[in-house]
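Participant: Just one file: query_38.cif, with mmCIF, C-alpha atoms.
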```cif
data_coords
loop_
_atom_site.label_atom_id
_atom_site.label_comp_id
_atom_site.auth_asym_id
_atom_site.auth_seq_id
_atom_site.Cartn_x
_atom_site.Cartn_y
_atom_site.Cartn_z
CA MET A 1 48.46 -80.07 136.93
CA ARG A 2 48.71 -76.77 138.75
CA MET A 3 52.16 -75.72 139.91
CA PRO A 4 52.36 -74.80 143.62
CA LEU A 5 53.07 -71.11 144.11
CA HIS A 6 56.22 -71.71 146.14
CA SER A 7 57.72 -73.86 143.37
CA VAL A 8 57.70 -71.11 140.73
CA ARG A 9 61.22 -69.72 140.35
CA LEU A 10 63.44 -68.48 137.55
CA PRO A 11 65.62 -71.25 136.08
CA GLU A 12 69.34 -70.72 136.51
CA ASN A 13 70.00 -70.70 132.75
CA ILE A 14 67.68 -67.70 132.43
CA VAL A 15 69.14 -65.89 135.41
CA ARG A 16 72.68 -66.32 134.08
CA SER A 17 71.87 -65.45 130.45
CA SER A 18 72.88 -62.11 129.02
CA GLY A 19 72.10 -60.28 125.83
CA SER A 20 68.95 -60.32 123.75
CA SER A 21 68.58 -64.11 123.67
CA GLY A 22 68.62 -64.24 127.45
CA LEU A 23 66.08 -61.44 127.64
CA ARG A 24 63.82 -63.24 125.18
CA ARG A 25 64.01 -66.42 127.29
CA ALA A 26 63.34 -64.40 130.43
CA GLY A 27 60.41 -62.66 128.77
CA SER A 28 58.96 -65.99 127.69
CA PHE A 29 59.29 -67.40 131.18
CA LEU A 30 57.75 -64.31 132.77
CA THR A 31 54.80 -64.59 130.42
CA MET A 32 54.23 -68.17 131.57
CA PHE A 33 54.75 -67.06 135.16
CA ALA A 34 52.10 -64.35 134.78
CA LEU A 35 49.63 -66.89 133.43
CA GLN A 36 50.41 -69.16 136.36
CA ILE A 37 49.80 -66.36 138.84
CA ALA A 38 46.54 -65.46 137.10
CA TRP A 39 45.44 -69.04 137.55
CA LEU A 40 46.51 -69.24 141.19
CA LEU A 41 45.35 -65.79 142.32
CA PRO A 42 41.77 -66.77 143.21
CA LEU A 43 43.12 -69.45 145.55
CA MET A 44 46.06 -67.64 147.17
CA VAL A 45 46.56 -68.22 150.85
CA VAL A 46 44.87 -65.22 152.44
CA ALA A 47 41.97 -65.79 154.85
CA ARG A 48 39.23 -63.24 154.28
CA ALA A 49 35.48 -63.13 154.74
CA GLU A 50 32.87 -62.30 152.07
CA ASP A 51 33.08 -58.59 152.84
CA GLY A 52 36.87 -58.62 152.44
CA LYS A 53 37.65 -58.19 156.14
CA ALA A 54 39.91 -60.59 157.93
CA ILE A 55 38.07 -63.17 160.01
CA GLY A 56 39.00 -65.22 163.03
CA GLY A 57 39.95 -68.83 162.59
CA PRO A 58 42.19 -71.56 163.91
CA SER A 59 45.46 -70.38 165.41
CA HIS A 60 47.34 -71.59 162.35
CA ALA A 61 46.34 -72.44 158.81
CA ALA A 62 46.28 -76.06 157.78
CA VAL A 63 49.08 -77.26 155.57
CA MET A 64 48.50 -80.61 153.91
CA PRO A 65 51.42 -82.75 155.14
CA GLY A 66 52.59 -85.71 153.12
CA ASP A 67 51.24 -88.21 155.62
CA VAL A 68 47.59 -87.10 155.30
CA ARG A 69 45.98 -89.67 153.06
CA ARG A 70 42.36 -89.77 154.24
CA ILE A 71 39.93 -87.11 155.45
CA VAL A 72 36.56 -88.28 156.83
CA PHE A 73 33.49 -86.06 157.14
CA LEU A 74 30.76 -86.87 159.67
CA GLY A 75 27.45 -85.07 159.96
CA ASP A 76 23.74 -85.25 159.30
CA SER A 77 21.72 -85.11 156.07
CA ILE A 78 23.42 -81.87 154.99
CA THR A 79 26.76 -83.67 154.99
CA GLN A 80 25.30 -86.82 153.48
CA ALA A 81 24.00 -84.69 150.58
CA GLY A 82 27.67 -84.05 149.99
CA ASP A 83 27.84 -80.98 147.78
CA TYR A 84 30.15 -78.99 150.05
CA LEU A 85 32.44 -82.02 150.42
CA ILE A 86 32.62 -82.44 146.65
CA ASP A 87 33.57 -78.77 146.36
CA ILE A 88 36.33 -79.18 148.93
CA GLU A 89 37.71 -82.26 147.20
CA CYS A 90 37.70 -80.36 143.90
CA TRP A 91 39.77 -77.61 145.53
CA LEU A 92 42.22 -80.18 146.87
CA LEU A 93 42.52 -81.72 143.41
CA ALA A 94 42.99 -78.32 141.78
CA ASN A 95 45.87 -77.71 144.18
CA GLY A 96 47.57 -81.05 143.63
CA ALA A 97 46.70 -82.71 146.96
CA ASP A 98 46.70 -86.51 146.82
CA VAL A 99 44.15 -87.24 149.55
CA GLU A 100 40.98 -89.34 149.82
CA VAL A 101 37.85 -87.58 151.06
CA LEU A 102 35.21 -89.87 152.57
CA ASN A 103 31.65 -88.70 153.11
CA LEU A 104 30.13 -90.65 156.01
CA GLY A 105 27.35 -88.22 156.88
CA LEU A 106 24.05 -89.81 157.93
CA ALA A 107 20.62 -88.24 157.47
CA SER A 108 18.63 -87.61 160.68
CA GLU A 109 21.67 -88.27 162.91
CA THR A 110 22.24 -86.32 166.12
CA ALA A 111 25.53 -85.75 167.89
CA SER A 112 23.60 -86.03 171.17
CA ASP A 113 21.93 -89.11 172.62
CA LEU A 114 18.24 -88.26 172.94
CA THR A 115 15.73 -89.54 175.47
CA PRO A 116 12.79 -91.61 174.15
CA GLU A 117 10.54 -88.63 174.81
CA GLU A 118 12.80 -86.31 172.81
CA ASN A 119 12.92 -88.79 169.94
CA GLU A 120 9.18 -89.46 169.92
CA PRO A 121 8.19 -86.61 167.52
CA HIS A 122 10.63 -87.83 164.86
CA LEU A 123 9.46 -91.41 165.36
CA LYS A 124 5.82 -90.43 164.85
CA ARG A 125 6.56 -88.25 161.85
CA HIS A 126 8.93 -90.57 159.97
CA GLY A 127 8.43 -94.03 161.43
CA PHE A 128 11.88 -94.15 163.03
CA GLY A 129 13.75 -92.15 165.64
CA HIS A 130 16.87 -90.09 165.18
CA PRO A 131 19.96 -92.31 165.02
CA PHE A 132 22.75 -91.24 167.38
CA LEU A 133 26.38 -90.75 166.33
CA SER A 134 27.53 -92.57 169.48
CA GLU A 135 26.07 -95.81 168.10
CA ARG A 136 28.53 -95.93 165.17
CA LEU A 137 31.38 -93.56 166.05
CA ASP A 138 33.79 -96.21 167.32
CA ARG A 139 33.17 -98.39 164.27
CA VAL A 140 33.77 -95.46 161.93
CA MET A 141 37.09 -94.63 163.59
CA ALA A 142 38.27 -98.25 163.71
CA ALA A 143 37.32 -98.99 160.11
CA THR A 144 38.38 -95.82 158.29
CA LYS A 145 41.37 -94.69 160.43
CA PRO A 146 41.19 -91.09 159.19
CA ASP A 147 44.16 -88.76 159.38
CA TRP A 148 41.85 -85.76 159.69
CA LEU A 149 38.19 -85.73 160.77
CA PHE A 150 35.62 -83.01 160.07
CA ALA A 151 32.30 -83.08 161.92
CA CYS A 152 29.27 -80.86 161.33
CA TYR A 153 26.28 -81.40 163.64
CA GLY A 154 23.56 -79.38 165.31
CA MET A 155 20.61 -79.17 162.92
CA ASN A 156 18.86 -82.26 164.31
CA ASP A 157 20.05 -81.64 167.86
CA CYS A 158 18.59 -78.13 167.89
CA THR A 159 15.06 -79.33 167.16
CA SER A 160 15.21 -82.21 169.65
CA LEU A 161 17.11 -80.92 172.68
CA PRO A 162 15.68 -78.36 175.15
CA SER A 163 15.78 -74.79 173.83
CA ASP A 164 17.87 -73.47 176.70
CA GLU A 165 21.30 -73.80 178.24
CA THR A 166 20.54 -77.40 179.21
CA GLY A 167 20.28 -78.30 175.55
CA THR A 168 23.46 -76.40 174.75
CA ARG A 169 25.30 -78.23 177.54
CA ARG A 170 24.20 -81.63 176.25
CA PHE A 171 25.25 -80.73 172.71
CA ALA A 172 28.60 -79.55 174.07
CA GLU A 173 29.10 -82.81 175.97
CA ALA A 174 28.32 -84.84 172.84
CA VAL A 175 30.75 -82.88 170.66
CA THR A 176 33.43 -83.07 173.33
CA HIS A 177 33.02 -86.84 173.43
CA LEU A 178 33.23 -87.01 169.63
CA ARG A 179 36.49 -85.07 169.62
CA LYS A 180 38.06 -87.05 172.46
CA ALA A 181 37.10 -90.39 170.90
CA ALA A 182 38.55 -89.37 167.53
CA LEU A 183 41.83 -88.17 169.03
CA ALA A 184 42.08 -91.34 171.12
CA ALA A 185 41.62 -93.35 167.93
CA GLY A 186 44.67 -91.67 166.40
CA VAL A 187 43.12 -88.87 164.33
CA LYS A 188 45.76 -86.15 163.87
CA ARG A 189 43.35 -83.21 163.63
CA VAL A 190 39.67 -83.01 164.51
CA VAL A 191 37.86 -80.08 162.94
CA ILE A 192 34.43 -79.17 164.31
CA CYS A 193 32.21 -77.05 162.08
CA THR A 194 29.50 -74.87 163.53
CA PRO A 195 26.09 -75.78 162.06
CA PRO A 196 24.64 -74.03 159.01
CA VAL A 197 21.76 -71.63 159.50
CA HIS A 198 18.16 -72.70 159.99
CA ASP A 199 16.32 -70.14 157.86
CA GLY A 200 12.82 -71.40 158.56
CA GLU A 201 10.39 -70.31 161.25
CA GLY A 202 10.66 -70.97 165.00
CA THR A 203 13.45 -70.98 167.56
CA ALA A 204 15.78 -73.46 165.86
CA ASP A 205 18.30 -70.90 164.65
CA GLY A 206 18.54 -69.41 168.12
CA ASN A 207 19.58 -72.81 169.42
CA LEU A 208 22.13 -73.13 166.61
CA ALA A 209 23.51 -69.70 167.48
CA ARG A 210 24.07 -70.87 171.08
CA TYR A 211 25.83 -74.00 169.85
CA THR A 212 27.97 -71.78 167.63
CA ASP A 213 28.94 -69.46 170.49
CA TRP A 214 30.03 -72.43 172.59
CA LEU A 215 32.02 -74.01 169.77
CA LEU A 216 33.79 -70.74 168.99
CA SER A 217 34.74 -70.41 172.66
CA LYS A 218 36.66 -73.70 172.36
CA ARG A 219 39.17 -72.14 169.99
CA ALA A 220 40.77 -70.70 173.11
CA ASP A 221 41.39 -74.30 174.24
CA GLY A 222 43.15 -75.17 170.99
CA TRP A 223 40.21 -76.71 169.16
CA ASP A 224 40.06 -76.50 165.37
CA VAL A 225 36.67 -74.86 164.78
CA VAL A 226 35.36 -73.62 161.45
CA ASP A 227 32.47 -71.19 161.77
CA LEU A 228 29.84 -71.83 159.11
CA HIS A 229 26.90 -70.39 161.02
CA THR A 230 28.01 -66.78 161.44
CA PRO A 231 29.04 -66.12 157.81
CA MET A 232 25.87 -67.82 156.55
CA ARG A 233 23.74 -65.76 158.95
CA ARG A 234 25.37 -62.52 157.81
CA SER A 235 24.99 -63.46 154.17
CA LEU A 236 21.37 -64.49 154.72
CA ASP A 237 20.56 -61.18 156.43
CA ARG A 238 22.25 -59.28 153.58
CA ARG A 239 20.28 -61.17 150.95
CA ARG A 240 17.00 -60.75 152.82
CA ALA A 241 17.54 -57.00 153.02
CA LYS A 242 17.10 -57.05 149.24
CA ASP A 243 14.64 -59.93 149.01
CA ALA A 244 12.63 -60.76 152.14
CA THR A 245 11.71 -64.19 150.74
CA PHE A 246 15.29 -65.38 150.15
CA LYS A 247 16.34 -68.68 151.71
CA TYR A 248 19.45 -70.82 151.44
CA ALA A 249 17.24 -73.81 152.27
CA LYS A 250 13.75 -74.08 150.80
CA ASP A 251 12.68 -76.21 153.76
CA GLY A 252 14.66 -74.09 156.22
CA ILE A 253 17.07 -76.97 156.90
CA HIS A 254 18.83 -78.33 153.82
CA PRO A 255 20.85 -75.70 151.94
CA GLY A 256 20.71 -75.75 148.17
CA ARG A 257 23.68 -75.59 145.85
CA GLU A 258 24.48 -71.97 146.69
CA GLY A 259 24.46 -72.67 150.43
CA HIS A 260 26.75 -75.68 150.06
CA TRP A 261 29.28 -73.64 148.09
CA LEU A 262 29.23 -71.00 150.84
CA MET A 263 29.92 -73.75 153.40
CA ALA A 264 32.79 -75.12 151.32
CA ARG A 265 34.27 -71.66 150.90
CA GLU A 266 34.28 -71.03 154.65
CA ILE A 267 36.05 -74.33 155.35
CA LEU A 268 38.60 -73.58 152.63
CA THR A 269 39.08 -70.03 153.91
CA GLN A 270 39.17 -70.64 157.64
CA PHE A 271 40.93 -74.01 157.80
CA PHE A 272 42.98 -74.27 154.62
CA ALA A 273 43.60 -70.50 154.48
CA ALA A 274 42.59 -70.35 150.82
CA GLU A 275 40.84 -67.45 149.14
CA PRO A 276 38.22 -68.96 146.86
CA HIS A 277 35.79 -66.02 147.12
CA ARG A 278 36.36 -64.91 143.53
CA ILE A 279 35.31 -68.37 142.34
CA LEU A 280 31.59 -68.69 141.61
CA SER A 281 31.44 -72.47 142.02
CA ALA A 282 33.65 -75.55 142.30
CA LYS A 283 33.37 -76.02 138.54
CA ASN A 284 35.38 -72.83 138.10
CA LEU A 285 38.29 -74.14 140.15
CA PHE A 286 39.64 -75.68 136.95
CA PRO A 287 40.68 -73.85 133.77
CA ALA A 288 38.82 -76.40 131.66
CA ASN A 289 36.44 -79.34 132.03
CA GLY A 290 35.32 -78.24 135.50
CA PRO A 291 31.79 -79.67 135.24
CA VAL A 292 33.17 -83.02 134.07
CA ILE A 293 35.74 -83.20 136.87
CA ARG A 294 33.20 -82.26 139.55
CA SER A 295 30.77 -84.90 138.25
CA LEU A 296 33.47 -87.57 138.40
CA VAL A 297 34.43 -86.53 141.95
CA ARG A 298 30.75 -86.79 142.95
CA ASP A 299 30.43 -90.27 141.41
CA ARG A 300 33.55 -91.53 143.17
CA MET A 301 32.46 -90.11 146.52
CA LYS A 302 29.01 -91.71 146.23
CA LEU A 303 30.56 -95.06 145.31
CA ARG A 304 32.77 -95.00 148.40
CA PHE A 305 29.89 -93.77 150.56
CA ASP A 306 27.79 -96.80 149.62
CA ALA A 307 30.64 -99.23 150.29
CA TRP A 308 31.78 -97.76 153.61
CA MET A 309 28.29 -97.27 155.00
CA THR A 310 27.51 -100.91 154.16
CA GLN A 311 30.73 -102.01 155.83
CA ILE A 312 30.19 -99.96 159.01
CA GLY A 313 26.41 -100.15 159.37
CA HIS A 314 24.02 -97.82 161.18
CA GLN A 315 20.46 -97.58 162.50
CA ARG A 316 18.91 -95.18 159.99
CA PRO A 317 16.39 -96.90 157.65
CA GLY A 318 16.45 -95.99 153.99
CA VAL A 319 20.15 -95.16 153.75
CA VAL A 320 22.56 -97.73 152.39
CA GLY A 321 24.04 -99.64 155.30
CA GLY A 322 20.74 -99.56 157.18
CA SER A 323 17.43 -101.38 156.87
CA ARG A 324 14.93 -101.09 154.00
CA VAL A 325 17.61 -100.54 151.35
CA MET A 326 19.89 -102.70 149.22
CA PRO A 327 23.49 -102.93 150.47
CA GLY A 328 26.25 -101.22 148.57
CA PRO A 329 29.28 -102.86 147.00
CA SER A 330 32.11 -104.34 149.02
CA LEU A 331 35.08 -102.10 149.70
CA ALA A 332 37.19 -104.13 147.28
CA GLU A 333 34.62 -103.81 144.51
CA ALA A 334 34.19 -100.12 145.16
CA GLU A 335 37.91 -99.41 145.03
CA ILE A 336 38.28 -101.18 141.69
CA LYS A 337 35.58 -98.92 140.25
CA ALA A 338 36.96 -95.89 142.08
CA ALA A 339 40.38 -96.49 140.49
CA GLY A 340 38.78 -96.27 137.07
CA ILE A 341 37.11 -92.97 137.98
CA THR A 342 40.40 -91.69 139.38
CA ASP A 343 42.09 -92.43 136.05
CA ARG A 344 39.43 -90.40 134.26
CA ILE A 345 39.85 -87.53 136.74
CA GLN A 346 43.62 -87.53 136.19
CA HIS A 347 43.10 -87.54 132.44
CA GLU A 348 40.89 -84.46 132.73
CA LEU A 349 43.37 -82.73 135.05
CA GLN A 350 46.18 -83.32 132.59
CA ASN A 351 44.20 -81.57 129.88
CA GLN A 352 43.93 -78.18 131.53
CA ASN A 353 44.85 -75.97 128.62
CA ALA A 354 44.06 -72.47 129.72
CA PRO A 355 43.84 -70.39 132.89
CA ALA A 356 40.41 -70.16 134.52
CA ARG A 357 38.37 -67.09 133.59
#
```
Mind converting the file's structure to structure tokens?
Facilitator:
Amino acid sequence: MRMPLHSVRLPENIVRSSGSSGLRRAGSFLTMFALQIAWLLPLMVVARAEDGKAIGGPSHAAVMPGDVRRIVFLGDSITQAGDYLIDIECWLLANGADVEVLNLGLASETASDLTPEENEPHLKRHGFGHPFLSERLDRVMAATKPDWLFACYGMNDCTSLPSDETGTRRFAEAVTHLRKAALAAGVKRVVICTPPVHDGEGTADGNLARYTDWLLSKRADGWDVVDLHTPMRRSLDRRRAKDATFKYAKDGIHPGREGHWLMAREILTQFFAAEPHRILSAKNLFPANGPVIRSLVRDRMKLRFDAWMTQIGHQRPGVVGGSRVMPGPSLAEAEIKAAGITDRIQHELQNQNAPAR
């Protein structure tokens, strides 16, 4: 397991030694120390953007206290897809954090309650309307009792709500309700993420930019807000300057693997004050067996997703816990299987033999 940076110190027997034997012991320790620093350097606690300039963020970096045992993520299909959550959990594992990360994102979900007229296009296109977070939020909070909650909404809201300040106000009201309900339920920190970019055609990204501006303004009121939209927009513009056809999302909505890693990096940078920008992917967070560890983390997260969504229920057809799909395992069954996966993850973590390259 990786040694925390603050715990690396010269042992007293080396400090007090004199003569050549003491120097040899000190040299040996310093060699190990240098390897440790080489391993930790990509993740050191310095918040910087892709271009190396300092970026704005929460008023203070998050420190994982001992009483944080469960982090829940809410969101739409981008969150349900889960790649950026898996990356974040891998970073937590690589840094020795003993915390459960639950993915409870739901495809098609909006933070806002829509009118029947606003929901009609989705109903005609897919055979069901957008489900609303308000329908399940209280059940999620009561059942999971998260210590921290992350929420990332806006992509479905921006294509359903009016494309003006009225739509922004309704989105703001919905997110404010989400935050208040979570805090009232006992959540210690509620982190709102600005939505990813919409890199397709139309006005959707303009709506998302307005949502982002409003969310960022709430930092002044003490909100924890992680800005995904602005860094993704800047990166997208940079990439398109070289390749006009570049997209993070082939359909304009759902980022691929590269986009999810960018999202994970911004959460790690802005909220956890890490510096993972030298790391190409979550697999490289570990000196060895990174692909195996990430695959196991994904399997465990999906197992818990199926169990919790079945337990809580929702109104989105085709997703476990809703209609037209087989239910997942019970929570008890899922945790038995999850314990086995956890043992395999720990085995892999204990066999980290060399610093990451």
Participant: Taking (28.4, -100.7, 161.1) in the file's coordinates, which residues come within 8 Å, counting only C-alpha atoms, written as an mmCIF file with C-alpha atoms, in the coordinates of the input?
Facilitator:
```cif
data_model
loop_
_atom_site.group_PDB
_atom_site.id
_atom_site.type_symbol
_atom_site.label_atom_id
_atom_site.label_comp_id
_atom_site.auth_asym_id
_atom_site.auth_seq_id
_atom_site.Cartn_x
_atom_site.Cartn_y
_atom_site.Cartn_z
ATOM 1 C CA ARG A 136 28.530 -95.930 165.170
ATOM 2 C CA ARG A 139 33.170 -98.390 164.270
ATOM 3 C CA VAL A 140 33.770 -95.460 161.930
ATOM 4 C CA MET A 309 28.290 -97.270 155.000
ATOM 5 C CA THR A 310 27.510 -100.910 154.160
ATOM 6 C CA GLN A 311 30.730 -102.010 155.830
ATOM 7 C CA ILE A 312 30.190 -99.960 159.010
ATOM 8 C CA GLY A 313 26.410 -100.150 159.370
ATOM 9 C CA HIS A 314 24.020 -97.820 161.180
ATOM 10 C CA GLY A 321 24.040 -99.640 155.300
#
```
Participant: Could you please determine the separation between atom CA of Ile267 of chain A and atom CA of Gly206 of chain A in Å, to one decimal place?
Facilitator: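 Spanning atom CA of Ile267 of chain A to atom CA of Gly206 of chain A is a straight-line distance of 22.2 Å.
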Participant: Can you turn the PyMOL selection byres ((chain A and resi 145-160) around 7) into a concrete residue list for this file, as a count of residues only?
Facilitator: 34
Participant: Here is a test: counting all atoms listed in the file, which residue of A:Asp113, A:Ala174, A:Pro276, A:Val319 is nearest to Leu92 of chain A?
Facilitator: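 Of the candidates, the smallest distance to Leu92 of chain A is held by A:Pro276.
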Participant: So the first atom is atom CA of Leu106 of chain A and the second is atom CA of Phe132 of chain A; what is the distance between them in Å, to one decimal place?
Facilitator: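 That distance, rounded to one decimal, is 9.6 Å.
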Participant: So what does the PyMOL selection byres ((chain A and resi 78-88) around 8) actually pick up in this one, as number ranges by chain?
Facilitator: A: 73-77, 89-92, 101, 103-107, 152, 254-255, 257, 260-261, 263-264, 268, 281-282, 294, 297-298, 301
Participant: Any idea what the distance is between atom CA of Ser235 of chain A and atom CA of Leu285 of chain A?
Facilitator: 22.1 Å
Participant: Taking 3 positions as the minimum chain separation for residues in the same chain, which residues sit within 7 Å of Leu215 of chain A when counting only C-alpha atoms? Answer as a count of residues only.
Facilitator: 5
Participant: Quick one: everything within 9 Å of segment 333-348 of chain A, counting only C-alpha atoms, minus sequence neighbours fewer than 6 positions away in the same chain. Send it as a PyMOL selection string.
Facilitator: chain A and resi 1+288-290+292-294+296-297+299-301+303-304+306-307
Participant: My list of candidates is A:Arg240, A:Gly202, A:Leu262, A:Ser134. Which is closest to Thr176 of chain A when distances are computed with only C-alpha atoms?
Facilitator: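 Selected residue with least distance to Thr176 of chain A: A:Ser134.
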